[in-house]
Amino acid sequence: MHETPDELAALEHLLTTSIAGAGPHLRSIFTEDHRPDARQVCAEMTGMRLLTVATVTADGRPIAGPLDGYLLHGVLWASSSPESVRVRHLRTRPAVSATYLPGEHFALTVHGRAEVLDLHAAAADDLRQAMLAHYVPLQGQAFADWLDTLDGVAIRIDADKMFAFASVAS
């Protein structure tokens with residue numbers, strides 16, 4: 001986990017206020033005994049997690065697709081190409097939703113606004129380190145060399161709402 005006590009507290013506040021404002025149907029499923037706390041969410045979200053990220057087209061249609069995601073310091077991050085359709089959408093319409101759903105045992109959904117940053121900017125250092133930690137053991141030094149030359153973007157999702165579900169939260 002990368003989160004400080006203050007970051008865990010902020011994430012816990014986001015989780016609590018999000019479910020408090022949810023509709024009755026969601027609250028009937030995400031009951032208290034199925035809502036993980038911030039520490040449990042961070043533990044489940046350690047490392048790369050494949051997200052389904054939804055953006056909005058110019059004519060208002062939703063488009064969803066996969067992106068590598070990382071929860072770092074209580075904030076969801078992803079990376080992509082600056083020419084990707086999702087990045088083009090986010091640059092003009094930053095509203096975004098992302099879901100991690102590995103199966104029925106856990107779900108995390110975030111709604112918010114995306115900020116698109118240069119992958120090599122200082123603000124994206126933690127994301128690059130997380131990418132290296134995940135991919136270098138799988139692909140070797142070639143991944144690190146490729147990442148150094150990549151014209152990529154970092155996508156930080158500033159969450160307005162975050163909902164987490166666990167089949168058994170302790």
# chains A, B, ... in the order shown; residues from 1 in each chain; ligands from 1
>>> residues_around(residues="Ile29 in chain A", least_positions_apart="4", cutoff="12 Å", atoms="only C-alpha atoms", output="VMD selection string")
chain A and resid 19 22 to 25 33 to 35 107 163 to 167
>>> write_last_selection(atoms="all heavy atoms", output="compact mmCIF listing (two decimals), in the first residue's frame")
# COMPACT_ATOMS: atom_id res chain seq x y z
N ILE A 19 -21.53 6.31 -0.38
CA ILE A 19 -22.62 5.36 -0.12
C ILE A 19 -23.79 6.05 0.57
O ILE A 19 -24.95 5.71 0.33
CB ILE A 19 -22.14 4.12 0.66
CG1 ILE A 19 -23.14 2.97 0.52
CG2 ILE A 19 -21.85 4.43 2.11
CD1 ILE A 19 -23.31 2.43 -0.87
N ALA A 22 -25.93 7.41 -2.12
CA ALA A 22 -26.37 6.45 -3.14
C ALA A 22 -27.87 6.22 -3.04
O ALA A 22 -28.50 6.48 -2.02
CB ALA A 22 -25.63 5.13 -2.98
N GLY A 23 -28.41 5.70 -4.11
CA GLY A 23 -29.83 5.37 -4.13
C GLY A 23 -30.13 4.12 -3.32
O GLY A 23 -29.23 3.37 -2.93
N PRO A 24 -31.41 3.88 -3.06
CA PRO A 24 -31.79 2.75 -2.22
C PRO A 24 -31.38 1.39 -2.80
O PRO A 24 -31.04 0.48 -2.05
CB PRO A 24 -33.30 2.87 -2.08
CG PRO A 24 -33.74 3.84 -3.12
CD PRO A 24 -32.55 4.68 -3.47
N HIS A 25 -31.42 1.24 -4.11
CA HIS A 25 -31.05 -0.05 -4.70
C HIS A 25 -29.58 -0.37 -4.43
O HIS A 25 -29.25 -1.48 -3.98
CB HIS A 25 -31.33 -0.06 -6.20
CG HIS A 25 -30.91 -1.34 -6.86
ND1 HIS A 25 -31.56 -2.53 -6.65
CD2 HIS A 25 -29.89 -1.60 -7.71
CE1 HIS A 25 -30.96 -3.49 -7.34
NE2 HIS A 25 -29.94 -2.94 -7.99
N ASP A 33 -22.13 -4.79 5.84
CA ASP A 33 -21.27 -5.97 5.95
C ASP A 33 -20.62 -6.36 4.62
O ASP A 33 -19.83 -7.30 4.57
CB ASP A 33 -22.03 -7.16 6.54
CG ASP A 33 -23.27 -7.54 5.76
OD1 ASP A 33 -23.88 -6.65 5.13
OD2 ASP A 33 -23.63 -8.73 5.76
N HIS A 34 -20.92 -5.61 3.56
CA HIS A 34 -20.30 -5.85 2.25
C HIS A 34 -19.52 -4.63 1.76
O HIS A 34 -19.18 -4.56 0.58
CB HIS A 34 -21.34 -6.24 1.21
CG HIS A 34 -21.92 -7.59 1.46
ND1 HIS A 34 -21.21 -8.76 1.26
CD2 HIS A 34 -23.14 -7.97 1.92
CE1 HIS A 34 -21.97 -9.79 1.57
NE2 HIS A 34 -23.14 -9.34 1.98
N ARG A 35 -19.28 -3.68 2.65
CA ARG A 35 -18.53 -2.48 2.27
C ARG A 35 -17.15 -2.52 2.92
O ARG A 35 -17.03 -2.34 4.13
CB ARG A 35 -19.27 -1.21 2.69
CG ARG A 35 -20.47 -0.91 1.81
CD ARG A 35 -20.97 0.49 1.98
NE ARG A 35 -21.22 0.89 3.35
CZ ARG A 35 -22.40 0.82 3.97
NH1 ARG A 35 -23.45 0.36 3.33
NH2 ARG A 35 -22.52 1.24 5.21
N ALA A 107 -15.77 -5.36 -6.02
CA ALA A 107 -16.05 -4.37 -7.07
C ALA A 107 -15.68 -2.99 -6.56
O ALA A 107 -15.91 -2.67 -5.39
CB ALA A 107 -17.53 -4.40 -7.45
N PHE A 163 -17.50 3.73 -4.90
CA PHE A 163 -18.29 2.66 -4.28
C PHE A 163 -17.47 1.38 -4.29
O PHE A 163 -16.94 0.99 -5.32
CB PHE A 163 -19.60 2.45 -5.03
CG PHE A 163 -20.44 3.69 -5.11
CD1 PHE A 163 -20.45 4.47 -6.25
CD2 PHE A 163 -21.21 4.08 -4.03
CE1 PHE A 163 -21.21 5.62 -6.34
CE2 PHE A 163 -21.99 5.23 -4.10
CZ PHE A 163 -21.98 6.00 -5.25
N ALA A 164 -17.40 0.73 -3.14
CA ALA A 164 -16.65 -0.52 -3.02
C ALA A 164 -17.55 -1.59 -2.43
O ALA A 164 -18.31 -1.32 -1.49
CB ALA A 164 -15.41 -0.33 -2.16
N PHE A 165 -17.41 -2.79 -2.97
CA PHE A 165 -18.17 -3.95 -2.51
C PHE A 165 -17.20 -5.11 -2.30
O PHE A 165 -16.29 -5.31 -3.10
CB PHE A 165 -19.21 -4.36 -3.55
CG PHE A 165 -19.91 -5.64 -3.25
CD1 PHE A 165 -21.08 -5.65 -2.51
CD2 PHE A 165 -19.40 -6.87 -3.68
CE1 PHE A 165 -21.73 -6.84 -2.20
CE2 PHE A 165 -20.04 -8.05 -3.40
CZ PHE A 165 -21.21 -8.04 -2.66
N ALA A 166 -17.39 -5.84 -1.24
CA ALA A 166 -16.65 -7.08 -1.02
C ALA A 166 -17.64 -8.13 -0.54
O ALA A 166 -18.55 -7.84 0.25
CB ALA A 166 -15.55 -6.89 0.02
N SER A 167 -17.49 -9.35 -1.04
CA SER A 167 -18.46 -10.39 -0.67
C SER A 167 -18.51 -10.56 0.85
O SER A 167 -19.56 -10.79 1.40
CB SER A 167 -18.14 -11.71 -1.37
OG SER A 167 -16.83 -12.11 -1.09
>>> residues_around(residues="Arg88 in chain A", least_positions_apart="3", cutoff="12 Å", atoms="only C-alpha atoms", output="MDAnalysis selection string")
chainID A and resid 55:58 63 80:85 91:94 114:116 153 155
>>> write_last_selection(atoms="N, CA, C and O atoms", output="compact mmCIF listing (two decimals), in the first residue's frame")
# COMPACT_ATOMS: atom_id res chain seq x y z
N THR A 55 -15.88 6.87 -21.03
CA THR A 55 -15.82 8.28 -21.37
C THR A 55 -17.06 8.63 -22.19
O THR A 55 -17.89 7.75 -22.47
N VAL A 56 -17.17 9.89 -22.59
CA VAL A 56 -18.35 10.34 -23.32
C VAL A 56 -17.93 10.95 -24.65
O VAL A 56 -17.03 11.80 -24.70
N THR A 57 -18.59 10.53 -25.73
CA THR A 57 -18.31 11.09 -27.05
C THR A 57 -18.89 12.49 -27.16
O THR A 57 -19.69 12.92 -26.32
N ALA A 58 -18.53 13.19 -28.23
CA ALA A 58 -19.03 14.55 -28.45
C ALA A 58 -20.55 14.58 -28.56
O ALA A 58 -21.18 15.57 -28.18
N ILE A 63 -18.63 5.46 -24.08
CA ILE A 63 -17.71 4.49 -24.67
C ILE A 63 -16.90 3.91 -23.51
O ILE A 63 -16.32 4.65 -22.73
N SER A 80 -2.25 5.70 -20.91
CA SER A 80 -2.70 5.42 -22.27
C SER A 80 -1.83 6.22 -23.25
O SER A 80 -0.89 6.90 -22.85
N SER A 81 -2.21 6.15 -24.49
CA SER A 81 -1.55 6.92 -25.55
C SER A 81 -2.26 8.27 -25.69
O SER A 81 -3.49 8.35 -25.57
N PRO A 82 -1.52 9.33 -25.98
CA PRO A 82 -2.18 10.62 -26.18
C PRO A 82 -3.11 10.63 -27.39
O PRO A 82 -3.99 11.48 -27.49
N GLU A 83 -2.96 9.66 -28.30
CA GLU A 83 -3.82 9.59 -29.48
C GLU A 83 -5.04 8.69 -29.29
O GLU A 83 -5.84 8.54 -30.19
N SER A 84 -5.16 8.06 -28.11
CA SER A 84 -6.28 7.13 -27.92
C SER A 84 -7.61 7.89 -27.90
O SER A 84 -7.68 9.07 -27.55
N VAL A 85 -8.65 7.19 -28.29
CA VAL A 85 -10.00 7.78 -28.31
C VAL A 85 -10.39 8.25 -26.91
O VAL A 85 -10.90 9.36 -26.74
N ARG A 91 -9.78 14.87 -22.71
CA ARG A 91 -9.21 16.22 -22.85
C ARG A 91 -10.31 17.27 -23.05
O ARG A 91 -10.16 18.41 -22.63
N THR A 92 -11.40 16.89 -23.69
CA THR A 92 -12.48 17.85 -23.93
C THR A 92 -13.68 17.67 -23.00
O THR A 92 -14.39 18.63 -22.73
N ARG A 93 -13.88 16.45 -22.54
CA ARG A 93 -14.99 16.15 -21.63
C ARG A 93 -14.43 15.26 -20.53
O ARG A 93 -14.43 14.04 -20.66
N PRO A 94 -13.96 15.82 -19.44
CA PRO A 94 -13.22 15.03 -18.44
C PRO A 94 -14.08 14.14 -17.54
O PRO A 94 -13.53 13.42 -16.71
N ALA A 114 -11.36 13.41 -14.92
CA ALA A 114 -10.00 12.98 -15.24
C ALA A 114 -9.13 14.19 -15.54
O ALA A 114 -9.55 15.15 -16.17
N GLU A 115 -7.90 14.08 -15.07
CA GLU A 115 -6.88 15.04 -15.47
C GLU A 115 -5.85 14.25 -16.26
O GLU A 115 -5.33 13.23 -15.80
N VAL A 116 -5.56 14.71 -17.47
CA VAL A 116 -4.61 14.06 -18.35
C VAL A 116 -3.27 14.78 -18.21
O VAL A 116 -3.18 15.99 -18.43
N VAL A 153 0.50 9.18 -21.71
CA VAL A 153 -0.16 10.09 -20.77
C VAL A 153 -0.56 9.32 -19.52
O VAL A 153 -0.81 8.11 -19.56
N ILE A 155 -3.42 9.36 -16.54
CA ILE A 155 -4.79 9.82 -16.31
C ILE A 155 -5.06 9.68 -14.82
O ILE A 155 -5.05 8.56 -14.29
>>> select_by_dssp(residues="range 76-147 of chain A", states="helix (DSSP H, G or I)", output="PDB file with N, CA and C atoms, in the first residue's frame")
ATOM      1  N   VAL A  85      -8.655   7.195 -28.288  1.00  0.00           N
ATOM      2  CA  VAL A  85      -9.997   7.778 -28.307  1.00  0.00           C
ATOM      3  C   VAL A  85     -10.386   8.253 -26.912  1.00  0.00           C
ATOM      4  N   ARG A  86     -10.144   7.423 -25.884  1.00  0.00           N
ATOM      5  CA  ARG A  86     -10.531   7.819 -24.527  1.00  0.00           C
ATOM      6  C   ARG A  86      -9.807   9.082 -24.089  1.00  0.00           C
ATOM      7  N   VAL A  87      -8.535   9.202 -24.406  1.00  0.00           N
ATOM      8  CA  VAL A  87      -7.783  10.400 -24.015  1.00  0.00           C
ATOM      9  C   VAL A  87      -8.316  11.623 -24.765  1.00  0.00           C
ATOM     10  N   ARG A  88      -8.620  11.469 -26.030  1.00  0.00           N
ATOM     11  CA  ARG A  88      -9.223  12.598 -26.770  1.00  0.00           C
ATOM     12  C   ARG A  88     -10.523  13.029 -26.103  1.00  0.00           C
ATOM     13  N   HIS A  89     -11.351  12.063 -25.701  1.00  0.00           N
ATOM     14  CA  HIS A  89     -12.595  12.401 -25.001  1.00  0.00           C
ATOM     15  C   HIS A  89     -12.304  13.154 -23.713  1.00  0.00           C
ATOM     16  N   LEU A  90     -11.372  12.619 -22.907  1.00  0.00           N
ATOM     17  CA  LEU A  90     -11.097  13.189 -21.585  1.00  0.00           C
ATOM     18  C   LEU A  90     -10.496  14.585 -21.657  1.00  0.00           C
ATOM     19  N   ARG A  91      -9.781  14.872 -22.713  1.00  0.00           N
ATOM     20  CA  ARG A  91      -9.209  16.221 -22.854  1.00  0.00           C
ATOM     21  C   ARG A  91     -10.307  17.269 -23.050  1.00  0.00           C
ATOM     22  N   THR A  92     -11.404  16.887 -23.686  1.00  0.00           N
ATOM     23  CA  THR A  92     -12.483  17.852 -23.934  1.00  0.00           C
ATOM     24  C   THR A  92     -13.679  17.673 -23.002  1.00  0.00           C
ATOM     25  N   ALA A 122       6.600  15.107 -13.342  1.00  0.00           N
ATOM     26  CA  ALA A 122       6.872  14.725 -11.949  1.00  0.00           C
ATOM     27  C   ALA A 122       5.613  14.232 -11.248  1.00  0.00           C
ATOM     28  N   ALA A 123       4.465  14.786 -11.594  1.00  0.00           N
ATOM     29  CA  ALA A 123       3.206  14.383 -10.956  1.00  0.00           C
ATOM     30  C   ALA A 123       2.860  12.925 -11.236  1.00  0.00           C
ATOM     31  N   ALA A 124       3.449  12.345 -12.276  1.00  0.00           N
ATOM     32  CA  ALA A 124       3.158  10.949 -12.641  1.00  0.00           C
ATOM     33  C   ALA A 124       4.256   9.987 -12.195  1.00  0.00           C
ATOM     34  N   ASP A 125       5.201  10.459 -11.373  1.00  0.00           N
ATOM     35  CA  ASP A 125       6.306   9.589 -10.930  1.00  0.00           C
ATOM     36  C   ASP A 125       5.814   8.297 -10.283  1.00  0.00           C
ATOM     37  N   ASP A 126       4.841   8.399  -9.371  1.00  0.00           N
ATOM     38  CA  ASP A 126       4.354   7.202  -8.680  1.00  0.00           C
ATOM     39  C   ASP A 126       3.708   6.221  -9.659  1.00  0.00           C
ATOM     40  N   LEU A 127       2.997   6.741 -10.658  1.00  0.00           N
ATOM     41  CA  LEU A 127       2.392   5.863 -11.655  1.00  0.00           C
ATOM     42  C   LEU A 127       3.477   5.138 -12.442  1.00  0.00           C
ATOM     43  N   ARG A 128       4.496   5.870 -12.898  1.00  0.00           N
ATOM     44  CA  ARG A 128       5.570   5.211 -13.636  1.00  0.00           C
ATOM     45  C   ARG A 128       6.248   4.139 -12.790  1.00  0.00           C
ATOM     46  N   GLN A 129       6.489   4.430 -11.515  1.00  0.00           N
ATOM     47  CA  GLN A 129       7.113   3.435 -10.636  1.00  0.00           C
ATOM     48  C   GLN A 129       6.223   2.204 -10.482  1.00  0.00           C
ATOM     49  N   ALA A 130       4.916   2.423 -10.368  1.00  0.00           N
ATOM     50  CA  ALA A 130       3.981   1.296 -10.256  1.00  0.00           C
ATOM     51  C   ALA A 130       3.974   0.466 -11.538  1.00  0.00           C
ATOM     52  N   MET A 131       4.045   1.136 -12.679  1.00  0.00           N
ATOM     53  CA  MET A 131       4.089   0.417 -13.953  1.00  0.00           C
ATOM     54  C   MET A 131       5.361  -0.421 -14.040  1.00  0.00           C
ATOM     55  N   LEU A 132       6.490   0.166 -13.649  1.00  0.00           N
ATOM     56  CA  LEU A 132       7.755  -0.574 -13.670  1.00  0.00           C
ATOM     57  C   LEU A 132       7.704  -1.775 -12.728  1.00  0.00           C
ATOM     58  N   ALA A 133       7.146  -1.569 -11.533  1.00  0.00           N
ATOM     59  CA  ALA A 133       7.059  -2.663 -10.559  1.00  0.00           C
ATOM     60  C   ALA A 133       6.219  -3.815 -11.091  1.00  0.00           C
ATOM     61  N   HIS A 134       5.210  -3.501 -11.878  1.00  0.00           N
ATOM     62  CA  HIS A 134       4.350  -4.561 -12.418  1.00  0.00           C
ATOM     63  C   HIS A 134       4.963  -5.223 -13.650  1.00  0.00           C
ATOM     64  N   TYR A 135       5.445  -4.423 -14.591  1.00  0.00           N
ATOM     65  CA  TYR A 135       5.811  -4.968 -15.890  1.00  0.00           C
ATOM     66  C   TYR A 135       7.262  -5.427 -16.033  1.00  0.00           C
ATOM     67  N   VAL A 136       8.199  -4.834 -15.311  1.00  0.00           N
ATOM     68  CA  VAL A 136       9.588  -5.283 -15.452  1.00  0.00           C
ATOM     69  C   VAL A 136       9.744  -6.757 -15.065  1.00  0.00           C
ATOM     70  N   PRO A 137       9.121  -7.232 -13.969  1.00  0.00           N
ATOM     71  CA  PRO A 137       9.233  -8.674 -13.678  1.00  0.00           C
ATOM     72  C   PRO A 137       8.617  -9.564 -14.775  1.00  0.00           C
ATOM     73  N   LEU A 138       7.649  -9.031 -15.497  1.00  0.00           N
ATOM     74  CA  LEU A 138       7.000  -9.813 -16.556  1.00  0.00           C
ATOM     75  C   LEU A 138       7.723  -9.712 -17.891  1.00  0.00           C
ATOM     76  N   GLN A 139       8.246  -8.511 -18.197  1.00  0.00           N
ATOM     77  CA  GLN A 139       8.793  -8.268 -19.532  1.00  0.00           C
ATOM     78  C   GLN A 139      10.277  -7.916 -19.545  1.00  0.00           C
ATOM     79  N   GLN A 141      13.883  -5.697 -18.643  1.00  0.00           N
ATOM     80  CA  GLN A 141      14.376  -4.335 -18.806  1.00  0.00           C
ATOM     81  C   GLN A 141      13.834  -3.680 -20.072  1.00  0.00           C
ATOM     82  N   ALA A 142      13.450  -4.466 -21.044  1.00  0.00           N
ATOM     83  CA  ALA A 142      12.899  -3.908 -22.287  1.00  0.00           C
ATOM     84  C   ALA A 142      11.685  -3.027 -21.997  1.00  0.00           C
ATOM     85  N   PHE A 143      10.890  -3.408 -20.998  1.00  0.00           N
ATOM     86  CA  PHE A 143       9.727  -2.570 -20.665  1.00  0.00           C
ATOM     87  C   PHE A 143      10.188  -1.217 -20.142  1.00  0.00           C
ATOM     88  N   ALA A 144      11.172  -1.202 -19.247  1.00  0.00           N
ATOM     89  CA  ALA A 144      11.670   0.059 -18.693  1.00  0.00           C
ATOM     90  C   ALA A 144      12.241   0.937 -19.800  1.00  0.00           C
ATOM     91  N   ASP A 145      12.967   0.335 -20.718  1.00  0.00           N
ATOM     92  CA  ASP A 145      13.531   1.096 -21.838  1.00  0.00           C
ATOM     93  C   ASP A 145      12.416   1.671 -22.705  1.00  0.00           C
ATOM     94  N   TRP A 146      11.405   0.852 -22.973  1.00  0.00           N
ATOM     95  CA  TRP A 146      10.261   1.296 -23.776  1.00  0.00           C
ATOM     96  C   TRP A 146       9.530   2.434 -23.069  1.00  0.00           C
ATOM     97  N   LEU A 147       9.299   2.293 -21.761  1.00  0.00           N
ATOM     98  CA  LEU A 147       8.578   3.317 -21.003  1.00  0.00           C
ATOM     99  C   LEU A 147       9.323   4.648 -21.040  1.00  0.00           C
TER     100      LEU A 147
END
>>> select_by_dssp(residues="range 138-169 of chain A", states="strand (DSSP E or B)", output="list of chain:residue names")
A:Val153, A:Ala154, A:Ile155, A:Arg156, A:Ile157, A:Asp158, A:Ala159, A:Asp160, A:Lys161, A:Met162, A:Phe163, A:Ala164, A:Phe165, A:Ala166
>>> residues_around(residues="Met162 in chain A", least_positions_apart="3", cutoff="6 Å", atoms="only C-alpha atoms", output="ChimeraX atom specification")
/A:15,18,109-110
>>> write_last_selection(atoms="N, CA and C atoms", output="JSON list (two decimals), in the first residue's frame")
[["chain", "number", "residue", "atom", "x", "y", "z"],
["A", 15, "LEU", "N", -15.50, 7.12, 0.55],
["A", 15, "LEU", "CA", -16.33, 5.92, 0.52],
["A", 15, "LEU", "C", -17.61, 6.10, 1.33],
["A", 18, "SER", "N", -19.99, 8.73, -0.29],
["A", 18, "SER", "CA", -20.53, 8.20, -1.55],
["A", 18, "SER", "C", -21.70, 7.27, -1.29],
["A", 109, "THR", "N", -16.04, 1.02, -8.09],
["A", 109, "THR", "CA", -16.48, 1.93, -9.13],
["A", 109, "THR", "C", -16.21, 3.35, -8.69],
["A", 110, "VAL", "N", -15.65, 4.13, -9.60],
["A", 110, "VAL", "CA", -15.30, 5.52, -9.34],
["A", 110, "VAL", "C", -15.96, 6.39, -10.41]]
>>> closest_atom_pairs(of="range 63-135 of chain A", to="range 38-53 of chain A", cutoff="10 Å", atoms="only C-alpha atoms", output="JSON lines")
{"residue": "A:Ile63", "atom": "CA", "partner": "A:Val53", "partner_atom": "CA", "distance": 8.1}
{"residue": "A:Ala64", "atom": "CA", "partner": "A:Val53", "partner_atom": "CA", "distance": 5.3}
{"residue": "A:Gly65", "atom": "CA", "partner": "A:Thr52", "partner_atom": "CA", "distance": 5.2}
{"residue": "A:Pro66", "atom": "CA", "partner": "A:Thr52", "partner_atom": "CA", "distance": 4.5}
{"residue": "A:Leu67", "atom": "CA", "partner": "A:Leu51", "partner_atom": "CA", "distance": 5.3}
{"residue": "A:Asp68", "atom": "CA", "partner": "A:Leu50", "partner_atom": "CA", "distance": 4.8}
{"residue": "A:Gly69", "atom": "CA", "partner": "A:Arg49", "partner_atom": "CA", "distance": 5.1}
{"residue": "A:Tyr70", "atom": "CA", "partner": "A:Met48", "partner_atom": "CA", "distance": 5.2}
{"residue": "A:Leu71", "atom": "CA", "partner": "A:Met45", "partner_atom": "CA", "distance": 6.0}
{"residue": "A:Leu72", "atom": "CA", "partner": "A:Thr46", "partner_atom": "CA", "distance": 8.4}
{"residue": "A:His73", "atom": "CA", "partner": "A:Cys42", "partner_atom": "CA", "distance": 8.8}
{"residue": "A:Gly74", "atom": "CA", "partner": "A:Cys42", "partner_atom": "CA", "distance": 7.3}
{"residue": "A:Val75", "atom": "CA", "partner": "A:Cys42", "partner_atom": "CA", "distance": 9.8}
{"residue": "A:Leu76", "atom": "CA", "partner": "A:Met45", "partner_atom": "CA", "distance": 9.4}
{"residue": "A:Trp77", "atom": "CA", "partner": "A:Met48", "partner_atom": "CA", "distance": 9.9}
{"residue": "A:Ala78", "atom": "CA", "partner": "A:Leu51", "partner_atom": "CA", "distance": 8.4}
{"residue": "A:Arg86", "atom": "CA", "partner": "A:Val53", "partner_atom": "CA", "distance": 8.3}
{"residue": "A:Val96", "atom": "CA", "partner": "A:Val53", "partner_atom": "CA", "distance": 7.1}
{"residue": "A:Ser97", "atom": "CA", "partner": "A:Val53", "partner_atom": "CA", "distance": 5.8}
{"residue": "A:Ala98", "atom": "CA", "partner": "A:Val53", "partner_atom": "CA", "distance": 4.3}
{"residue": "A:Thr99", "atom": "CA", "partner": "A:Thr52", "partner_atom": "CA", "distance": 5.2}
{"residue": "A:Tyr100", "atom": "CA", "partner": "A:Leu51", "partner_atom": "CA", "distance": 4.9}
{"residue": "A:Leu101", "atom": "CA", "partner": "A:Leu51", "partner_atom": "CA", "distance": 7.7}
{"residue": "A:Pro102", "atom": "CA", "partner": "A:Leu50", "partner_atom": "CA", "distance": 8.4}
{"residue": "A:Phe106", "atom": "CA", "partner": "A:Glu44", "partner_atom": "CA", "distance": 8.3}
{"residue": "A:Ala107", "atom": "CA", "partner": "A:Val41", "partner_atom": "CA", "distance": 9.4}
{"residue": "A:Leu108", "atom": "CA", "partner": "A:Val41", "partner_atom": "CA", "distance": 8.1}
{"residue": "A:Thr109", "atom": "CA", "partner": "A:Leu51", "partner_atom": "CA", "distance": 9.4}
{"residue": "A:Val110", "atom": "CA", "partner": "A:Val53", "partner_atom": "CA", "distance": 9.4}
{"residue": "A:His111", "atom": "CA", "partner": "A:Val53", "partner_atom": "CA", "distance": 9.9}
{"residue": "A:Ala130", "atom": "CA", "partner": "A:Gly47", "partner_atom": "CA", "distance": 7.0}
{"residue": "A:Met131", "atom": "CA", "partner": "A:Met48", "partner_atom": "CA", "distance": 7.5}
{"residue": "A:Ala133", "atom": "CA", "partner": "A:Gly47", "partner_atom": "CA", "distance": 8.1}
{"residue": "A:His134", "atom": "CA", "partner": "A:Met48", "partner_atom": "CA", "distance": 6.6}
{"residue": "A:Tyr135", "atom": "CA", "partner": "A:Met48", "partner_atom": "CA", "distance": 9.1}
>>> closest_residue(among="A:Lys161, A:Gly60, A:Val168, A:Gly140", to="Gly21 in chain A", atoms="only C-alpha atoms")
A:Lys161
>>> atom_distance(atom1="CA of Pro5 in chain A", atom2="CA of His120 in chain A")
27.3 Å
>>> closest_residue(among="A:Glu7, A:Ser28, A:Leu119, A:Thr16", to="Asp148 in chain A", atoms="only C-alpha atoms")
A:Leu119
